[in-house]
Structures are given as C-alpha cells and as structure tokens.
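Visitor: What follows is the file work-v5.cif, containing mmCIF, C-alpha atoms:
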```
data_model
#
loop_
_atom_site.label_atom_id
_atom_site.label_comp_id
_atom_site.auth_asym_id
_atom_site.auth_seq_id
_atom_site.Cartn_x
_atom_site.Cartn_y
_atom_site.Cartn_z
CA MET C 1 18.29 -22.01 -0.89
CA LYS C 2 21.73 -20.52 -1.50
CA LEU C 3 23.02 -18.11 1.13
CA LYS C 4 23.50 -15.46 -1.54
CA LYS C 5 19.80 -15.67 -2.50
CA LEU C 6 18.69 -15.50 1.12
CA THR C 7 21.03 -12.57 1.80
CA SER C 8 19.65 -10.71 -1.21
CA ALA C 9 16.08 -11.38 -0.10
CA VAL C 10 16.88 -10.19 3.42
CA ALA C 11 18.50 -7.04 2.05
CA VAL C 12 15.53 -6.21 -0.18
CA SER C 13 13.00 -6.75 2.59
CA LEU C 14 15.02 -4.72 5.10
CA MET C 15 15.23 -1.84 2.63
CA LEU C 16 11.47 -1.96 2.12
CA ALA C 17 10.74 -2.23 5.83
CA SER C 18 13.00 0.72 6.58
CA GLY C 19 11.21 2.87 4.01
CA ALA C 20 14.10 2.96 1.54
CA ALA C 21 12.87 4.14 -1.84
CA LEU C 22 13.46 1.54 -4.54
CA ALA C 23 10.73 2.98 -6.76
CA GLU C 24 10.74 0.36 -9.49
CA PRO C 25 9.27 2.13 -12.54
CA PHE C 26 6.24 0.69 -14.28
CA TYR C 27 3.93 1.69 -17.10
CA ILE C 28 0.22 1.30 -17.82
CA ASN C 29 -1.49 0.46 -21.10
CA VAL C 30 -4.73 2.38 -20.71
CA ASN C 31 -6.15 1.08 -24.00
CA ASN C 32 -7.54 -1.88 -22.12
CA PHE C 33 -9.77 0.12 -19.75
CA ASP C 34 -10.20 3.68 -21.00
CA THR C 35 -13.39 3.92 -23.05
CA SER C 36 -12.40 7.34 -24.41
CA PRO C 37 -8.57 7.53 -24.53
CA ALA C 38 -6.81 10.79 -25.22
CA ALA C 39 -6.87 11.48 -28.95
CA GLY C 40 -3.66 10.94 -30.90
CA THR C 41 -1.90 8.84 -28.26
CA ASP C 42 -0.70 5.24 -28.29
CA GLY C 43 -2.37 4.56 -24.94
CA VAL C 44 0.84 3.60 -23.14
CA THR C 45 2.10 5.86 -20.33
CA ALA C 46 5.63 6.99 -19.75
CA ASP C 47 7.52 5.16 -16.99
CA ILE C 48 5.76 5.83 -13.69
CA TYR C 49 7.76 5.87 -10.46
CA GLN C 50 4.97 6.79 -8.06
CA LEU C 51 1.25 7.39 -7.99
CA ALA C 52 -0.04 10.55 -6.30
CA VAL C 53 -3.08 9.61 -4.22
CA ASP C 54 -5.80 11.33 -2.21
CA PHE C 55 -8.12 9.28 -0.03
CA ASN C 56 -10.43 9.11 2.95
CA ALA C 57 -9.90 6.34 5.49
CA THR C 58 -11.77 5.07 8.51
CA SER C 59 -10.02 2.99 11.16
CA THR C 60 -11.96 0.98 13.74
CA PHE C 61 -9.93 -0.04 16.79
CA THR C 62 -10.98 -2.61 19.39
CA ASP C 63 -9.42 -2.55 22.85
CA ASP C 64 -9.27 -6.34 23.14
CA ASP C 65 -5.96 -6.97 24.90
CA GLY C 66 -7.16 -6.45 28.45
CA THR C 67 -5.53 -3.06 29.01
CA ALA C 68 -7.29 0.27 29.49
CA GLY C 69 -7.30 2.35 26.31
CA LEU C 70 -5.71 1.57 22.96
CA SER C 71 -2.28 -0.04 22.97
CA VAL C 72 0.02 -2.02 20.72
CA GLY C 73 -1.61 -5.35 19.90
CA ASP C 74 -5.21 -4.14 19.83
CA SER C 75 -7.26 -5.06 16.76
CA VAL C 76 -7.83 -2.70 13.86
CA THR C 77 -9.97 -2.82 10.72
CA ASP C 78 -9.55 -0.19 8.01
CA SER C 79 -11.73 0.94 5.12
CA GLY C 80 -11.10 3.67 2.60
CA PHE C 81 -11.72 5.20 -0.81
CA GLY C 82 -9.42 7.31 -2.93
CA THR C 83 -8.27 8.64 -6.28
CA VAL C 84 -4.99 8.51 -8.20
CA SER C 85 -4.54 12.18 -9.03
CA ASN C 86 -1.27 12.00 -11.00
CA TYR C 87 1.43 9.73 -12.31
CA LEU C 88 4.83 10.87 -10.98
CA ASN C 89 8.29 10.65 -12.56
CA SER C 90 11.60 9.81 -10.89
CA SER C 91 11.76 13.33 -9.43
CA GLY C 92 8.34 12.98 -7.82
CA THR C 93 6.69 15.52 -10.12
CA ALA C 94 3.57 14.96 -12.20
CA ILE C 95 4.02 13.46 -15.64
CA THR C 96 2.36 15.85 -18.07
CA GLY C 97 1.44 15.78 -21.73
CA THR C 98 -1.23 13.46 -23.07
CA GLU C 99 1.34 11.21 -24.76
CA ASN C 100 2.99 10.63 -21.37
CA ASN C 101 0.09 10.41 -18.94
CA GLU C 102 -2.33 9.05 -21.58
CA GLY C 103 -5.19 11.18 -20.35
CA VAL C 104 -5.09 10.66 -16.55
CA GLY C 105 -7.15 13.51 -15.16
CA GLY C 106 -8.39 14.26 -18.66
CA SER C 107 -10.06 11.21 -20.17
CA HIS C 108 -9.86 8.85 -17.22
CA SER C 109 -8.88 8.45 -13.60
CA LEU C 110 -7.98 5.53 -11.37
CA ILE C 111 -9.87 5.05 -8.11
CA PHE C 112 -9.39 2.50 -5.36
CA ASP C 113 -11.19 1.20 -2.30
CA TYR C 114 -10.86 -1.31 0.51
CA ASP C 115 -13.12 -2.23 3.42
CA ASP C 116 -11.50 -5.14 5.18
CA LEU C 117 -7.84 -4.42 5.92
CA ALA C 118 -7.44 -6.24 9.23
CA GLY C 119 -4.61 -6.55 11.71
CA THR C 120 -3.32 -5.12 14.96
CA ILE C 121 -1.80 -1.87 16.17
CA ALA C 122 1.98 -2.01 15.70
CA ILE C 123 3.03 1.52 16.70
CA ILE C 124 1.39 4.38 18.60
CA ASP C 125 3.26 7.67 18.34
CA THR C 126 1.97 9.69 21.29
CA THR C 127 4.35 12.57 20.48
CA ALA C 128 2.21 13.42 17.46
CA ASN C 129 -1.00 15.43 17.71
CA PRO C 130 -3.21 13.55 17.14
CA ASP C 131 -1.52 10.24 17.92
CA GLY C 132 0.14 8.59 14.95
CA ILE C 133 -0.91 4.94 14.61
CA LEU C 134 0.60 2.28 12.36
CA ALA C 135 -1.26 -0.98 11.84
CA SER C 136 0.29 -4.35 11.09
CA TYR C 137 -2.07 -5.89 8.53
CA THR C 138 -2.50 -9.62 7.98
CA SER C 139 -5.41 -9.67 5.51
CA GLY C 140 -7.61 -7.58 3.28
CA THR C 141 -8.25 -6.69 -0.35
CA ILE C 142 -7.50 -3.49 -2.26
CA HIS C 143 -9.51 -2.91 -5.45
CA VAL C 144 -8.40 -0.51 -8.23
CA TYR C 145 -10.92 0.65 -10.85
CA ASN C 146 -11.01 2.76 -13.96
CA ASP C 147 -13.20 5.83 -13.52
CA ASP C 148 -13.79 6.95 -17.08
CA ASN C 149 -16.72 9.21 -16.24
CA PHE C 150 -15.09 10.97 -13.27
CA ASP C 151 -18.02 10.34 -10.95
CA GLY C 152 -15.75 9.10 -8.15
CA ASP C 153 -17.86 5.96 -7.81
CA SER C 154 -16.64 2.43 -8.50
CA THR C 155 -20.18 1.19 -9.24
CA GLY C 156 -20.28 -0.03 -12.83
CA GLU C 157 -16.59 0.69 -13.38
CA GLN C 158 -14.06 -1.85 -14.66
CA GLU C 159 -11.77 -3.32 -11.99
CA VAL C 160 -8.22 -3.22 -13.33
CA LEU C 161 -6.17 -4.45 -10.36
CA THR C 162 -6.85 -6.52 -7.24
CA LEU C 163 -4.33 -6.82 -4.40
CA GLU C 164 -4.60 -9.40 -1.60
CA VAL C 165 -2.82 -8.06 1.50
CA PHE C 166 -0.97 -10.59 3.65
CA SER C 167 1.53 -8.54 5.68
CA SER C 168 2.82 -5.02 6.32
CA ALA C 169 5.66 -3.08 7.92
CA GLY C 170 7.01 0.46 8.03
CA THR C 171 6.66 3.50 10.25
CA VAL C 172 3.90 6.01 10.97
CA GLY C 173 3.37 7.95 7.75
CA ASN C 174 5.46 5.50 5.72
CA ALA C 175 3.65 2.17 5.56
CA ILE C 176 4.75 -0.78 3.45
CA ILE C 177 1.96 -3.19 2.55
CA PHE C 178 2.82 -6.59 1.10
CA ALA C 179 0.25 -8.10 -1.27
CA THR C 180 -0.20 -10.69 -3.97
CA VAL C 181 -1.68 -9.55 -7.27
CA SER C 182 -4.76 -11.77 -7.54
CA PHE C 183 -5.97 -9.98 -10.66
CA ALA C 184 -4.38 -7.60 -13.14
CA ASP C 185 -6.34 -6.49 -16.19
CA PRO C 186 -4.57 -8.46 -18.96
CA GLY C 187 -1.98 -6.45 -20.85
CA THR C 188 -2.36 -3.36 -18.64
CA TRP C 189 0.30 -3.29 -15.88
CA PHE C 190 4.02 -3.82 -16.60
CA PHE C 191 7.31 -3.25 -14.79
CA ALA C 192 9.46 -1.19 -17.13
CA SER C 193 12.85 -2.88 -16.62
CA ASP C 194 11.83 -6.15 -18.26
CA ASP C 195 8.20 -5.67 -19.37
CA THR C 196 6.98 -8.11 -16.71
CA ASP C 197 3.21 -8.36 -16.51
CA TRP C 198 1.93 -7.94 -12.94
CA SER C 199 -0.29 -11.02 -12.97
CA SER C 200 0.38 -13.29 -9.97
CA LEU C 201 3.30 -11.22 -8.67
CA VAL C 202 4.00 -10.34 -5.06
CA VAL C 203 4.43 -6.59 -4.58
CA ALA C 204 5.38 -4.18 -1.83
CA ILE C 205 3.23 -1.05 -1.77
CA ASN C 206 5.25 1.74 -0.18
CA MET C 207 2.86 4.48 0.93
CA ARG C 208 4.35 7.81 1.92
CA LEU C 209 1.48 9.73 3.44
CA ASP C 210 0.88 13.24 4.66
CA THR C 211 0.43 12.63 8.37
CA ASN C 212 -1.85 15.63 8.86
CA VAL C 213 -5.19 14.20 9.89
CA ASP C 214 -8.45 16.01 9.20
CA PRO C 215 -10.29 16.22 11.51
CA THR C 216 -7.37 16.46 13.93
CA THR C 217 -8.65 14.10 16.60
CA ASP C 218 -7.48 10.98 18.35
CA PRO C 219 -9.66 7.84 17.97
CA VAL C 220 -13.11 8.43 19.49
CA LEU C 221 -14.91 5.88 21.66
CA ILE C 222 -18.08 4.81 19.82
CA GLY C 223 -19.28 1.88 21.95
CA GLN C 224 -18.47 -1.71 22.81
CA ASP C 225 -18.38 -4.97 20.91
CA GLY C 226 -20.24 -8.14 21.87
CA ASN C 227 -17.48 -9.08 24.30
CA GLY C 228 -17.64 -5.81 26.20
CA ASN C 229 -14.46 -4.42 24.65
CA ASP C 230 -14.34 -0.68 23.94
CA VAL C 231 -14.45 0.21 20.24
CA TYR C 232 -12.89 3.40 18.87
CA GLU C 233 -13.07 5.00 15.44
CA ARG C 234 -11.19 7.67 13.51
CA THR C 235 -11.84 9.03 10.03
CA ALA C 236 -9.04 10.88 8.29
CA GLU C 237 -8.09 12.46 4.98
CA PHE C 238 -4.70 11.63 3.50
CA ASN C 239 -2.62 12.49 0.49
CA GLY C 240 0.77 11.23 -0.54
CA SER C 241 2.48 8.89 -2.96
CA VAL C 242 2.55 5.16 -3.62
CA GLU C 243 5.36 3.06 -5.06
CA PHE C 244 5.23 -0.54 -6.23
CA ASN C 245 8.16 -2.93 -6.02
CA ARG C 246 8.49 -6.63 -6.74
CA VAL C 247 9.47 -8.74 -3.73
CA PRO C 248 10.42 -12.40 -3.22
CA GLU C 249 7.71 -15.04 -3.30
CA PRO C 250 5.79 -15.68 -0.04
CA ASP C 251 7.84 -18.78 0.77
CA VAL C 252 11.02 -16.70 0.62
CA LEU C 253 9.43 -14.02 2.78
CA ALA C 254 8.51 -16.71 5.29
CA LEU C 255 12.13 -17.79 5.43
CA LEU C 256 13.31 -14.25 6.10
CA GLY C 257 12.24 -14.43 9.72
CA ILE C 258 14.23 -17.64 10.18
CA GLY C 259 17.20 -16.13 8.38
CA LEU C 260 17.17 -12.95 10.45
CA VAL C 261 16.85 -14.93 13.68
CA GLY C 262 19.74 -17.10 12.56
CA LEU C 263 21.86 -14.07 11.78
CA GLY C 264 21.13 -12.68 15.23
CA ILE C 265 21.98 -15.97 16.96
CA GLY C 266 25.16 -16.29 14.97
CA ARG C 267 26.23 -12.78 15.94
CA ARG C 268 25.62 -13.45 19.64
CA MET C 269 27.48 -16.76 19.50
CA LYS C 270 30.42 -15.11 17.81
CA LYS C 271 30.59 -12.46 20.52
CA SER C 272 30.44 -15.08 23.28
CA THR C 273 33.35 -17.16 21.92
#
```
Could you write out this structure as structure tokens?
Guide:
Amino acid sequence: MKLKKLTSAVAVSLMLASGAALAEPFYINVNNFDTSPAAGTDGVTADIYQLAVDFNATSTFTDDDGTAGLSVGDSVTDSGFGTVSNYLNSSGTAITGTENNEGVGGSHSLIFDYDDLAGTIAIIDTTANPDGILASYTSGTIHVYNDDNFDGDSTGEQEVLTLEVFSSAGTVGNAIIFATVSFADPGTWFFASDDTDWSSLVVAINMRLDTNVDPTTDPVLIGQDGNGNDVYERTAEFNGSVEFNRVPEPDVLALLGIGLVGLGIGRRMKKST
C-alpha cells in the first residue's frame, strides 16, 4: 500500500472517530419499496445529508471484569427500535415538498431495529446525570424497513437495508458505528457524488444523539448471570441525526492500527535522536 493511500485512510478514520462531520449526501429511490408513493413524483428524493431519528433503546450491562460496579471493559448488549422522522438537508433542516422527500411522513416511513449489538463499555462519563456511557461494539445487525402503513411495526414490512456492525468509536452522544452493507434493496440507496449503489460497501454511521435520557436514571441492577456477575439494565429514549459515509475496506481499516502505531513509534524515535 502506498503511503499516500494509508495517510488518506488514517485521516478519514481519524475525522470520523473525532466526530468530524463529513456528511456525504445520498439519495433514496422509494419506488422500490413504497407501495403507495406520493402522487405526481418521480420517486427519487433530493440529496439527503442526515436522517432525523427517534428511537427507544435498552442496554444490558454485565459486571464481568472482577471490579465492583460497572466500569470500562464490562460487557454490553443493546437492543432498540426507532423511526426515521425526516430527511435533512446540508443545513440540518427537514427536506419538505413531496418531490423532495418523496412522501416520507406522508405515504411511507422508514423504521429500524436491532437486538444484538454487542461489545464492551468504552467510556463512562460520571459528570453527566445520569452517567453517560459509550459502548465499543464488535458485532450486531441493524435492520431498516419500509413502513408503508405507519403502524410502527416491522412485521410484514419490506427490509430495505441491512448493516452488519463490526466496530465503533466516538464519544458519549456522538457515536460512530462501522458496518458492512450486507443487503441493500436493489436500486434504492445511492451516494450522490457518483451514484454509487450501497451494496457491499463499508459505511460509517455517525449518530449525533440527544443525551437526555428518559427516564433519567443510571443503569439499574436487575439480577445476576449464570456466573454470578451482576447484570444492569437501562432503557432510554433518544432523538438525533444520523449520517452515512463511505470508509476504506476492512483490510485497510485493519492496517490503520498498525499505521498509527508506526507513526507514534516514528515520532518517539525522532525525538530521541
């Protein structure tokens, strides 16, 4: 790999991990999943920079690292269900007009769920009330469905996007989830800059979330697992925005750690000479 390519990959990943907003615009062809599209439209949205989302999430924490109470490194499993309430433009405001939003909120909605996001606690912000917790995920699947009858239930609905999570980064309230696109409804999802179909891409999902938690409680002890470890749970309501950005392939991402370590070693060696 050329140094220039590695440097570019490092720069992109650092920007994502630091929460920098790249906001690569995309568009959706709703003709492929909306059974009753808005009348008089071509079925293709305007360029979308973010999705406005509302969702409920439940986190289950296991105190399995041998310390008393939850701490960095303890296991976490997340589940959740939510709705895409609006498509947002480059200014972060809702895209309006049926020819631009192609009926979102009128003739269809997008809903999503997940029940197996697994990883460990990466950050605990004890200055927040309740504590802010960021997980570092290593696996899990996010499903996106068309909800053309607005019943808020994915049962019987068409799945239009499937994301396989393999890593994450970020800060409390600004998580970045890395995932491969294992399924994209054919001819539905495209990045606007070059009309790239999302099928088989690797994407970074930058989630900027309202950190107000309802109910406003810290994780509650609910029992113990089979190994005698304390298990805690917290259910919360969130709203915020989601951006999608293309990232290097997984093999390049794997090399980033080596590259960053090498850069650090090189810097220390230079200082010591």
Visitor: Give one line per residue of segment 20-45 of chain C that approaches segment 169-191 of chain C to at most 6 Å, naming the two atoms of the closest pair and their distance in Å to one decimal, counting only C-alpha atoms; sort by chain then ascending residue number and deliver it as a Markdown table.
Guide:
```
| residue | atom | partner | partner_atom | distance |
| --- | --- | --- | --- | --- |
| C:Phe26 | CA | C:Phe191 | CA | 4.1 |
| C:Tyr27 | CA | C:Phe190 | CA | 5.5 |
| C:Ile28 | CA | C:Trp189 | CA | 5.0 |
| C:Asn29 | CA | C:Thr188 | CA | 4.6 |
```
Visitor: Given the PyMOL selection byres ((chain C and resi 113) around 9) and the file above, list the residues it selects as a PyMOL selection string.
Guide: chain C and resi 55+79-83+111-112+114-115+141-145+154
Visitor: Now that the selection is made, can you save its residues with C-alpha atoms as a PDB file, in the frame of the given file?
Guide:
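Generated output (again15.pdb):
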```
ATOM      1  CA  PHE C  55      -8.120   9.280  -0.030  1.00  0.00           C
ATOM      2  CA  SER C  79     -11.730   0.940   5.120  1.00  0.00           C
ATOM      3  CA  GLY C  80     -11.100   3.670   2.600  1.00  0.00           C
ATOM      4  CA  PHE C  81     -11.720   5.200  -0.810  1.00  0.00           C
ATOM      5  CA  GLY C  82      -9.420   7.310  -2.930  1.00  0.00           C
ATOM      6  CA  THR C  83      -8.270   8.640  -6.280  1.00  0.00           C
ATOM      7  CA  ILE C 111      -9.870   5.050  -8.110  1.00  0.00           C
ATOM      8  CA  PHE C 112      -9.390   2.500  -5.360  1.00  0.00           C
ATOM      9  CA  TYR C 114     -10.860  -1.310   0.510  1.00  0.00           C
ATOM     10  CA  ASP C 115     -13.120  -2.230   3.420  1.00  0.00           C
ATOM     11  CA  THR C 141      -8.250  -6.690  -0.350  1.00  0.00           C
ATOM     12  CA  ILE C 142      -7.500  -3.490  -2.260  1.00  0.00           C
ATOM     13  CA  HIS C 143      -9.510  -2.910  -5.450  1.00  0.00           C
ATOM     14  CA  VAL C 144      -8.400  -0.510  -8.230  1.00  0.00           C
ATOM     15  CA  TYR C 145     -10.920   0.650 -10.850  1.00  0.00           C
ATOM     16  CA  SER C 154     -16.640   2.430  -8.500  1.00  0.00           C
TER      17      SER C 154
END
```
Visitor: Please write the residues picked by the PyMOL selection byres ((chain C and resi 58) around 8) on this file as a list in words.
Guide: Asn56, Ala57, Ser59, Thr60, Asp78, Ser79, Gly80, Glu233, Arg234, Thr235 and Ala236 of chain C
Visitor: With the file shown as input, list the residues that the PyMOL selection byres ((chain C and resi 156) around 10) selects, as a PDB file with C-alpha atoms, in the frame of the given file.
Guide:
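File produced: selection-v8.pdb:
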```pdb
ATOM      1  CA  TYR C 145     -10.920   0.650 -10.850  1.00  0.00           C
ATOM      2  CA  ASN C 146     -11.010   2.760 -13.960  1.00  0.00           C
ATOM      3  CA  ASP C 147     -13.200   5.830 -13.520  1.00  0.00           C
ATOM      4  CA  ASP C 153     -17.860   5.960  -7.810  1.00  0.00           C
ATOM      5  CA  SER C 154     -16.640   2.430  -8.500  1.00  0.00           C
ATOM      6  CA  THR C 155     -20.180   1.190  -9.240  1.00  0.00           C
ATOM      7  CA  GLU C 157     -16.590   0.690 -13.380  1.00  0.00           C
ATOM      8  CA  GLN C 158     -14.060  -1.850 -14.660  1.00  0.00           C
ATOM      9  CA  GLU C 159     -11.770  -3.320 -11.990  1.00  0.00           C
TER      10      GLU C 159
END
```
Visitor: Closest to Pro248 of chain C among C:Asp47, C:Val202, C:Ala118, C:Asp194, using only C-alpha atoms?
Guide: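 Between C:Asp47, C:Val202, C:Ala118, C:Asp194, the residue approaching Pro248 of chain C most closely is C:Val202.
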Visitor: Give me the residues near segment 223-228 of chain C as a PDB file with C-alpha atoms, in the coordinates of the input, where near means some atom within 10 Å (using all atoms listed in the file) and where sequence neighbours in that chain fewer than 6 positions away do not count.
Guide:
```pdb
ATOM      1  CA  THR C  62     -10.980  -2.610  19.390  1.00  0.00           C
ATOM      2  CA  ASP C  63      -9.420  -2.550  22.850  1.00  0.00           C
ATOM      3  CA  ASP C  64      -9.270  -6.340  23.140  1.00  0.00           C
TER       4      ASP C  64
END
```
Visitor: So which one's closest to Asn101 of chain C, C:Ala23, C:Val53, C:Val72, C:Ala46? Using all atoms listed in the file, please.
Guide: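 Of all the options, C:Ala46 lies closest to Asn101 of chain C.
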Visitor: Would you compute the distance between atom CA of Val104 of chain C and atom CA of Arg208 of chain C? Give it in Å to one decimal.
Guide: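 That distance, rounded to one decimal, is 20.9 Å.
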Visitor: Go through C:Leu163, C:Leu221, C:Ile124, C:Val242 one by one, measure the shortest atom-to-atom distance of each to Asp74 of chain C using all atoms listed in the file, and give the residue with the smallest value.
Guide: C:Ile124
Visitor: Quick one: pull the distance between atom CA of Leu70 of chain C and atom CA of Asp131 of chain C, Å, one decimal.
Guide: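 Taking atom CA of Leu70 of chain C as the start and atom CA of Asp131 of chain C as the end point, the length is 10.9 Å.
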Visitor: Using all atoms listed in the file for the distances, tell me which of C:Thr77, C:Ser107, C:Asn229, C:Thr45 is nearest to Asn89 of chain C.
Guide: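 When distances to Asn89 of chain C are compared using all atoms listed in the file, the smallest one comes from C:Thr45.
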Visitor: Considering only C-alpha atoms, state which residue in the set C:Asn100, C:Ser167, C:Asn129, C:Thr217 is at the smallest distance from Ala204 of chain C.
Guide: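 When distances to Ala204 of chain C are compared using only C-alpha atoms, the smallest one comes from C:Ser167.
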Visitor: Can you measure atom CA of Val247 of chain C to atom CA of Leu110 of chain C for me? One decimal in Å is fine.
Guide: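 Separating atom CA of Val247 of chain C from atom CA of Leu110 of chain C is a distance of 23.8 Å.
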Visitor: Compile the contact shell of Gly43 of chain C as a list in words: residues with an atom at most 10 Å away, counting all atoms listed in the file, same-chain residues fewer than 4 positions apart removed.
Guide: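 Everything that qualifies: Ile28, Asn29, Val30, Asn31, Asn32, Asp34, Pro37, Ala38, Ala39, Thr98, Glu99, Asn100, Asn101, Glu102 and Gly103 of chain C.
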Visitor: Hey, what's within 7 Å of Tyr87 of chain C if we count all atoms listed in the file and toss same-chain stuff fewer than 4 positions away? As a short mmCIF file (atom, residue, chain, number, x, y, z; two decimals) with C-alpha atoms, keeping the file's coordinate frame, please?
Guide:
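The resulting result-v8.cif:
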```cif
data_model
loop_
_atom_site.label_atom_id
_atom_site.label_comp_id
_atom_site.auth_asym_id
_atom_site.auth_seq_id
_atom_site.Cartn_x
_atom_site.Cartn_y
_atom_site.Cartn_z
CA ILE C 48 5.76 5.83 -13.69
CA GLN C 50 4.97 6.79 -8.06
CA LEU C 51 1.25 7.39 -7.99
CA ALA C 52 -0.04 10.55 -6.30
CA ALA C 94 3.57 14.96 -12.20
CA ILE C 95 4.02 13.46 -15.64
CA ASN C 101 0.09 10.41 -18.94
#
```
Visitor: Between C:Arg246, C:Gly69, C:Val84, C:Glu237, which residue has the minimum interatomic distance to Thr196 of chain C, considering all atoms listed in the file?
Guide: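 Ranked by minimum distance to Thr196 of chain C, first place goes to C:Arg246.
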Visitor: Counting all atoms listed in the file, which residues sit no farther than 6 Å from the position (1.4, 1.6, 18.8) in the file's frame? I'd like them as a ChimeraX atom specification.
Guide: /C:71-72,121-124,133
